[in-house]
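Engineer: target39.txt (compact mmCIF, C-alpha atoms and all ligand atoms) pasted underneath:
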# COMPACT_ATOMS: atom_id res chain seq x y z
CA MET A 114 -45.56 15.09 -5.78
CA ALA A 115 -44.22 17.18 -8.61
CA LEU A 116 -46.13 17.70 -11.84
CA HIS A 117 -44.08 17.67 -15.05
CA THR A 118 -44.69 18.09 -18.75
CA ALA A 119 -42.53 16.39 -21.36
CA GLU A 120 -42.44 15.26 -24.94
CA ALA A 121 -42.45 11.47 -25.05
CA ILE A 122 -41.96 8.74 -27.65
CA VAL A 123 -43.83 5.57 -26.67
CA LEU A 124 -41.49 2.58 -26.73
CA ARG A 125 -43.81 -0.10 -25.40
CA ARG A 126 -47.39 -0.27 -24.18
CA TYR A 127 -49.02 -2.97 -22.02
CA PRO A 128 -52.64 -3.42 -20.93
CA PHE A 129 -52.99 -2.93 -17.18
CA ARG A 130 -55.97 -4.28 -15.24
CA GLU A 131 -59.33 -3.84 -16.96
CA THR A 132 -59.08 -0.43 -18.51
CA SER A 133 -55.64 1.10 -18.07
CA VAL A 134 -52.25 0.84 -19.74
CA THR A 135 -48.69 0.99 -18.52
CA LEU A 136 -46.01 2.10 -20.87
CA SER A 137 -42.38 2.70 -21.32
CA CYS A 138 -41.47 5.96 -23.03
CA LEU A 139 -38.42 8.05 -23.79
CA THR A 140 -38.87 11.70 -22.87
CA ASP A 141 -36.95 14.77 -23.99
CA GLN A 142 -35.97 15.91 -20.49
CA PHE A 143 -36.46 13.07 -18.02
CA GLY A 144 -34.99 10.10 -19.88
CA LYS A 145 -36.83 6.81 -20.02
CA LEU A 146 -39.90 6.58 -17.81
CA LYS A 147 -42.53 4.05 -16.94
CA GLY A 148 -46.02 5.49 -16.83
CA LEU A 149 -49.57 4.50 -16.01
CA VAL A 150 -52.52 5.97 -17.91
CA LYS A 151 -55.71 5.19 -16.03
CA GLY A 152 -58.87 4.38 -17.94
CA LEU A 153 -57.21 4.88 -21.34
CA ARG A 154 -58.88 1.81 -22.82
CA ARG A 155 -62.33 2.59 -21.42
CA GLN A 156 -62.41 6.31 -22.17
CA PRO A 157 -59.94 6.90 -25.00
CA ASN A 158 -61.50 10.31 -25.75
CA ARG A 159 -60.65 11.63 -22.35
CA TYR A 160 -57.07 11.64 -23.55
CA GLN A 161 -55.97 13.09 -26.83
CA SER A 162 -53.62 10.21 -27.55
CA ALA A 163 -54.00 6.43 -27.43
CA MET A 164 -50.27 6.29 -26.57
CA GLU A 165 -49.51 3.78 -29.28
CA PRO A 166 -45.88 2.70 -29.65
CA LEU A 167 -43.87 4.79 -32.13
CA THR A 168 -45.90 7.95 -31.63
CA ILE A 169 -44.69 11.30 -30.28
CA ASN A 170 -46.81 12.81 -27.50
CA ARG A 171 -46.88 15.59 -24.97
CA ILE A 172 -47.51 14.16 -21.53
CA THR A 173 -48.17 15.53 -18.08
CA PHE A 174 -47.19 13.22 -15.25
CA TYR A 175 -46.86 13.14 -11.51
CA ASP A 176 -43.43 12.29 -10.21
CA THR A 177 -44.33 10.23 -7.15
CA ARG A 178 -40.69 9.78 -6.09
CA THR A 179 -41.71 6.63 -4.23
CA SER A 180 -42.33 4.55 -7.32
CA GLN A 181 -40.83 4.25 -10.79
CA LEU A 182 -44.33 4.02 -12.23
CA HIS A 183 -45.56 7.58 -12.78
CA LEU A 184 -49.18 8.54 -13.16
CA ILE A 185 -49.73 10.21 -16.54
CA SER A 186 -52.69 12.55 -16.16
CA GLN A 187 -52.72 13.97 -19.67
CA CYS A 188 -51.42 12.85 -23.06
CA ASP A 189 -51.78 14.69 -26.34
CA LEU A 190 -50.65 13.34 -29.66
CA VAL A 191 -47.94 15.49 -31.26
CA ASP A 192 -47.06 13.29 -34.24
CA PRO A 193 -48.56 9.85 -35.03
CA LEU A 194 -45.77 9.12 -37.54
CA MET A 195 -48.39 7.17 -39.50
CA ALA A 196 -46.21 6.78 -42.59
CA ILE A 197 -43.92 4.41 -40.71
CA GLN A 198 -46.71 1.83 -40.49
CA GLN A 199 -47.46 1.95 -44.20
CA ASP A 200 -44.38 0.04 -45.24
CA LEU A 201 -43.51 -3.23 -43.51
CA PRO A 202 -39.68 -3.06 -43.68
CA THR A 203 -39.81 0.57 -42.44
CA ALA A 204 -42.09 -0.45 -39.56
CA GLN A 205 -39.71 -3.30 -38.71
CA VAL A 206 -36.67 -1.01 -38.56
CA ALA A 207 -38.63 1.49 -36.43
CA ALA A 208 -39.74 -1.30 -34.06
CA PHE A 209 -36.12 -2.39 -33.74
CA CYS A 210 -35.00 1.18 -32.95
CA VAL A 211 -37.48 1.60 -30.07
CA ASP A 212 -36.74 -1.92 -28.83
CA LEU A 213 -33.02 -1.15 -28.73
CA VAL A 214 -33.60 2.13 -26.89
CA ASP A 215 -35.89 0.38 -24.41
CA THR A 216 -33.15 -2.18 -23.81
CA VAL A 217 -30.00 -0.06 -23.51
CA VAL A 218 -31.29 3.18 -21.95
CA PRO A 219 -31.59 3.10 -18.13
CA LEU A 220 -34.71 4.38 -16.36
CA GLU A 221 -34.95 7.96 -15.10
CA ASP A 222 -31.65 9.15 -16.48
CA PRO A 223 -32.01 12.21 -18.73
CA GLN A 224 -30.73 11.40 -22.23
CA PRO A 225 -31.58 14.40 -24.42
CA ALA A 226 -29.16 13.38 -27.18
CA THR A 227 -30.67 9.89 -27.39
CA TYR A 228 -34.14 11.45 -27.48
CA ARG A 229 -33.12 13.71 -30.38
CA LEU A 230 -31.56 10.74 -32.19
CA LEU A 231 -34.67 8.59 -31.87
CA ARG A 232 -37.00 11.41 -32.87
CA GLN A 233 -34.85 12.33 -35.86
CA THR A 234 -34.53 8.68 -36.97
CA LEU A 235 -38.28 8.07 -36.73
CA HIS A 236 -38.90 11.23 -38.75
CA HIS A 237 -36.46 10.03 -41.41
CA LEU A 238 -38.20 6.67 -41.52
CA ALA A 239 -41.59 8.38 -41.82
CA LEU A 240 -40.36 10.35 -44.84
CA GLY A 241 -39.90 7.06 -46.70
CA GLY A 242 -37.55 6.43 -49.56
CA ASN A 243 -34.65 5.91 -47.22
CA ASP A 244 -32.11 3.27 -47.55
CA LEU A 245 -33.17 1.46 -44.40
CA ASP A 246 -29.91 -0.45 -44.13
CA TRP A 247 -27.64 2.52 -43.61
CA LEU A 248 -30.11 4.33 -41.37
CA ARG A 249 -30.31 1.26 -39.14
CA ILE A 250 -26.50 1.02 -38.98
CA TYR A 251 -26.20 4.73 -38.14
CA PHE A 252 -28.83 4.41 -35.41
CA VAL A 253 -27.20 1.38 -33.75
CA VAL A 254 -23.74 2.97 -33.70
CA ARG A 255 -25.05 6.27 -32.30
CA VAL A 256 -27.28 4.70 -29.64
CA LEU A 257 -24.43 2.51 -28.44
CA HIS A 258 -22.05 5.47 -28.49
CA LEU A 259 -24.43 7.67 -26.48
CA ALA A 260 -25.11 4.83 -24.04
CA GLY A 261 -21.37 4.23 -23.62
CA PHE A 262 -21.52 0.68 -24.92
CA ARG A 263 -19.97 0.80 -28.32
CA PRO A 264 -17.26 -1.72 -29.18
CA ARG A 265 -13.73 -0.53 -28.45
CA LEU A 266 -12.00 -0.18 -31.77
CA ASP A 267 -8.64 1.27 -30.79
CA HIS A 268 -7.45 -1.11 -28.07
CA CYS A 269 -7.23 -4.87 -27.73
CA THR A 270 -10.06 -6.26 -25.59
CA GLY A 271 -7.59 -8.84 -24.21
CA CYS A 272 -4.44 -6.93 -23.20
CA ASP A 273 -5.44 -3.28 -23.81
CA ALA A 274 -2.60 -2.73 -26.30
CA VAL A 275 -3.25 -0.06 -28.92
CA VAL A 276 -4.33 -1.81 -32.11
CA HIS A 277 -5.32 0.98 -34.50
CA ASP A 278 -5.88 -0.59 -37.90
CA GLN A 279 -4.02 -3.80 -37.08
CA GLY A 280 -6.67 -5.60 -35.05
CA TYR A 281 -8.78 -8.70 -35.52
CA TRP A 282 -12.52 -8.54 -34.97
CA SER A 283 -13.57 -11.00 -32.30
CA VAL A 284 -17.29 -11.80 -32.01
CA LYS A 285 -16.56 -13.69 -28.79
CA GLN A 286 -14.73 -10.78 -27.12
CA GLY A 287 -17.08 -8.05 -28.35
CA GLY A 288 -14.35 -6.01 -30.04
CA LEU A 289 -10.84 -6.11 -31.43
CA VAL A 290 -7.99 -8.35 -30.34
CA CYS A 291 -4.32 -7.85 -31.17
CA GLU A 292 -2.15 -10.42 -32.91
CA ARG A 293 -0.71 -11.68 -29.61
CA CYS A 294 -4.19 -12.26 -28.17
CA LEU A 295 -5.45 -13.99 -31.28
CA HIS A 296 -5.18 -17.36 -29.50
CA THR A 297 -8.13 -16.30 -27.28
CA ASP A 298 -10.34 -16.36 -30.36
CA PRO A 299 -8.84 -18.11 -33.39
CA GLN A 300 -12.04 -17.29 -35.31
CA ALA A 301 -11.40 -13.54 -35.13
CA GLU A 302 -11.17 -11.98 -38.59
CA LYS A 303 -8.76 -9.28 -39.70
CA ALA A 304 -10.58 -5.98 -39.22
CA SER A 305 -11.02 -3.76 -42.26
CA PRO A 306 -9.52 -0.31 -41.59
CA GLU A 307 -12.16 1.22 -43.87
CA ALA A 308 -14.96 -0.31 -41.75
CA LEU A 309 -13.31 0.85 -38.52
CA HIS A 310 -13.03 4.41 -39.84
CA MET A 311 -16.66 4.34 -40.94
CA LEU A 312 -17.78 3.17 -37.47
CA ASP A 313 -15.78 5.95 -35.90
CA ALA A 314 -17.29 8.58 -38.20
CA LEU A 315 -20.81 7.27 -37.55
CA ALA A 316 -20.32 7.40 -33.79
CA GLN A 317 -19.35 11.09 -33.99
CA ALA A 318 -22.01 12.13 -36.53
CA GLU A 319 -24.85 14.12 -34.99
CA GLU A 320 -26.82 14.01 -38.23
CA PRO A 321 -27.47 10.78 -40.15
CA LEU A 322 -24.38 9.86 -42.12
CA VAL A 323 -24.71 7.74 -45.23
CA VAL A 324 -22.75 4.49 -44.99
CA VAL A 325 -20.56 3.55 -47.96
CA PRO A 326 -22.74 0.92 -49.73
CA THR A 327 -19.95 -1.66 -50.03
CA LEU A 328 -19.50 -1.61 -46.23
CA ILE A 329 -23.16 -2.14 -45.38
CA PRO A 330 -23.25 -5.98 -45.24
CA LEU A 331 -20.05 -6.17 -43.17
CA LEU A 332 -21.06 -3.43 -40.69
CA ARG A 333 -24.52 -4.89 -40.32
CA ARG A 334 -23.05 -8.28 -39.44
CA ARG A 335 -20.47 -6.82 -37.03
CA LEU A 336 -23.04 -4.70 -35.20
CA ASP A 337 -25.61 -7.49 -34.91
CA ASP A 338 -22.90 -9.83 -33.58
CA PHE A 339 -21.92 -7.15 -31.10
CA LEU A 340 -25.53 -6.64 -29.96
CA ARG A 341 -26.00 -10.38 -29.44
CA TRP A 342 -22.78 -10.43 -27.41
CA HIS A 343 -23.68 -7.35 -25.37
CA LEU A 344 -27.38 -7.80 -24.66
CA GLU A 345 -28.69 -10.20 -22.08
CA ARG A 346 -31.65 -11.14 -24.24
CA PRO A 347 -31.57 -11.15 -28.01
CA LEU A 348 -33.98 -8.65 -29.54
CA LYS A 349 -36.76 -10.26 -31.55
CA THR A 350 -36.96 -7.15 -33.70
CA MET A 351 -33.33 -7.58 -34.80
CA ALA A 352 -34.24 -10.09 -37.49
CA TYR A 353 -35.09 -7.63 -40.27
ZN ZN B 401 -3.99 -8.10 -26.98
Take the structure in the file and give it back as structure tokens.
Ligand SMILES: [Zn+2]
Structural biologist:
Amino acid sequence: MALHTAEAIVLRRYPFRETSVTLSCLTDQFGKLKGLVKGLRRQPNRYQSAMEPLTINRITFYDTRTSQLHLISQCDLVDPLMAIQQDLPTAQVAAFCVDLVDTVVPLEDPQPATYRLLRQTLHHLALGGNDLDWLRIYFVVRVLHLAGFRPRLDHCTGCDAVVHDQGYWSVKQGGLVCERCLHTDPQAEKASPEALHMLDALAQAEEPLVVVPTLIPLLRRRLDDFLRWHLERPLKTMAY
């Protein structure tokens, strides 16, 4: 059994038996992990963190290699990000961000860029005064890009022809269709080249990129449609 230390953002926390908790967290070096903290509810002082969702912690855990549930022997709070909880819309966007990460990131696959993105986004949210709408759009595009799931915006999802700025956005196909494939989804709408360029720029941006205000409602709708199409279960936290 190897002993590791990592920085971890708690994504989800569940009571386990009488006194313990299991949790899902995203770590800086080891990707998403499932962990067990024994006795955390009975002896919270033994640990320096209650491992609440949306907090940043330093954890020490045993890699059992035989199970995907790792025993966390120590957890210290690095940043409680308290400010996030003081504003309901901010807390809702933050809850959506961790929910999305928990859904699209596979277990035990190191994702340092996704870790940095989540940490940076939560810090931005904690600063307050942000335009939540564009930050949410930026986060969704980047997470999907890093996870390799973002909608294909340069080729037709039907016949693979290059579409560039000439495509139609199909909710049903999860991306663009060309004019010849339009019969597969007559409801597809002509894609706005400006929106496509913005999505492309967001996907490449390693720092939060402000979304042109006039594009926010359209991009929000497109991305939420795409998430509903892509995900097996709709996210409850998507509603905000
Ligand atoms: Zn086509």
Engineer: What is the atom CA of Ala115 of chain A to atom CA of Glu131 of chain A distance in Å?
Structural biologist: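 According to the coordinates, atom CA of Ala115 of chain A and atom CA of Glu131 of chain A are separated by 27.2 Å.
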Engineer: Report, in Å to a single decimal, how far apart atom CA of Pro330 of chain A and atom CA of Glu292 of chain A are.
Structural biologist: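 Atom CA of Glu292 of chain A sits 24.8 Å away from atom CA of Pro330 of chain A.
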Engineer: Which residue is closest to ligand ZN 401 (chain B)? Choose from A:Arg263, A:His277, A:His183, A:Arg229 and count all atoms listed in the file.
Structural biologist: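 Looking only at the distances to ligand ZN 401 (chain B), the closest residue turns out to be A:His277.
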Engineer: Which residue out of A:Phe209, A:Ser186, A:Leu116, A:Asp222 has the minimum interatomic distance to Leu139 of chain A when only C-alpha atoms are used?
Structural biologist: A:Asp222
Engineer: Can you build me a table of chain A residues sitting at most 8 Å from ligand ZN 401 (chain B), with the closest atom pair per residue and its distance in Å to one decimal, using only C-alpha atoms and all ligand atoms, sorted by chain and residue number, as JSON lines?
Structural biologist:
{"residue": "A:His268", "atom": "CA", "partner": "B:ZN401", "partner_atom": "ZN", "distance": 7.9}
{"residue": "A:Cys269", "atom": "CA", "partner": "B:ZN401", "partner_atom": "ZN", "distance": 4.6}
{"residue": "A:Thr270", "atom": "CA", "partner": "B:ZN401", "partner_atom": "ZN", "distance": 6.5}
{"residue": "A:Gly271", "atom": "CA", "partner": "B:ZN401", "partner_atom": "ZN", "distance": 4.6}
{"residue": "A:Cys272", "atom": "CA", "partner": "B:ZN401", "partner_atom": "ZN", "distance": 4.0}
{"residue": "A:Asp273", "atom": "CA", "partner": "B:ZN401", "partner_atom": "ZN", "distance": 5.9}
{"residue": "A:Ala274", "atom": "CA", "partner": "B:ZN401", "partner_atom": "ZN", "distance": 5.6}
{"residue": "A:Val290", "atom": "CA", "partner": "B:ZN401", "partner_atom": "ZN", "distance": 5.2}
{"residue": "A:Cys291", "atom": "CA", "partner": "B:ZN401", "partner_atom": "ZN", "distance": 4.2}
{"residue": "A:Glu292", "atom": "CA", "partner": "B:ZN401", "partner_atom": "ZN", "distance": 6.6}
{"residue": "A:Arg293", "atom": "CA", "partner": "B:ZN401", "partner_atom": "ZN", "distance": 5.5}
{"residue": "A:Cys294", "atom": "CA", "partner": "B:ZN401", "partner_atom": "ZN", "distance": 4.3}
{"residue": "A:Leu295", "atom": "CA", "partner": "B:ZN401", "partner_atom": "ZN", "distance": 7.4}
Engineer: Of the candidates A:Ser137, A:Thr350, A:Ser180, A:Gln187, which shows the shortest atom-to-atom distance to Gly152 of chain A, using all atoms listed in the file?
Structural biologist: A:Gln187
Engineer: One decimal, Å: what's the distance from atom CA of His258 of chain A over to atom CA of Ala316 of chain A, could you say?
Structural biologist: 5.9 Å
Engineer: Write out as a PyMOL selection string which residues come within 8 Å of Leu235 of chain A when counting only C-alpha atoms, dropping same-chain ones fewer than 6 positions away.
Structural biologist: chain A and resi 167+194+197+207
Engineer: Could the residues in this selection be written to a file with C-alpha atoms, as a PDB file, in the coordinates of the input?
Structural biologist:
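Output file result.pdb follows:
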ATOM      1  CA  LEU A 167     -43.870   4.790 -32.130  1.00  0.00           C
ATOM      2  CA  LEU A 194     -45.770   9.120 -37.540  1.00  0.00           C
ATOM      3  CA  ILE A 197     -43.920   4.410 -40.710  1.00  0.00           C
ATOM      4  CA  ALA A 207     -38.630   1.490 -36.430  1.00  0.00           C
TER       5      ALA A 207
END
Engineer: Check the smallest atom-to-atom distance from each of A:Ala204, A:Ile250, A:Leu257, A:Leu340 to Gln286 of chain A using only C-alpha atoms, then report the winner.
Structural biologist: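 Between A:Ala204, A:Ile250, A:Leu257, A:Leu340, the residue approaching Gln286 of chain A most closely is A:Leu340.
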Engineer: Which of these residues is nearest to Val256 of chain A, using only C-alpha atoms: A:Gln205, A:Thr118, A:Ser305, A:Gln317?
Structural biologist: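 So, comparing all the options, the nearest one is A:Gln317.
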Engineer: Pick out the residues sitting within 12 Å of Asp244 of chain A, and hand them over as a list in words; count only C-alpha atoms, and ignore anything fewer than 4 positions along from it in its own chain.
Structural biologist: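 Neighbouring residues, sequence-local ones excluded: Pro202, Thr203, Val206, His237, Leu238, Leu240, Leu248, Arg249, Ile250, Tyr251, Pro321, Leu322, Val323, Val324, Val325, Pro326 and Ile329 of chain A.
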Engineer: Find the residue from A:Tyr281, A:Ile169, A:Leu190, A:Val134 that sits nearest to His296 of chain A; use all atoms listed in the file when measuring.
Structural biologist: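 Using all atoms listed in the file, His296 of chain A sits closest to A:Tyr281.
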Engineer: Leaving out Ala301 of chain A and any residue of its chain fewer than 5 positions from it, which residues lie within 7 Å of it when counting all atoms listed in the file, given as a VMD selection string?
Structural biologist: chain A and resid 281 to 284
Engineer: With only C-alpha atoms as the counted atoms, please give the residues lying no more than 9 Å from Gly144 of chain A, apart from itself and same-chain residues fewer than 3 positions off, as a list in words.
Structural biologist: Cys138, Leu139, Thr140, Asp141, Val218, Pro219, Leu220, Glu221, Asp222, Pro223, Gln224, Pro225, Thr227 and Tyr228 of chain A
Engineer: Which residues are near Asp278 of chain A? Cut-off 8 Å, all atoms listed in the file, ignore same chain within fewer than 6 positions. Put them as a list in words.
Structural biologist: Asp267, Ala304, Ser305, Pro306 and Leu309 of chain A
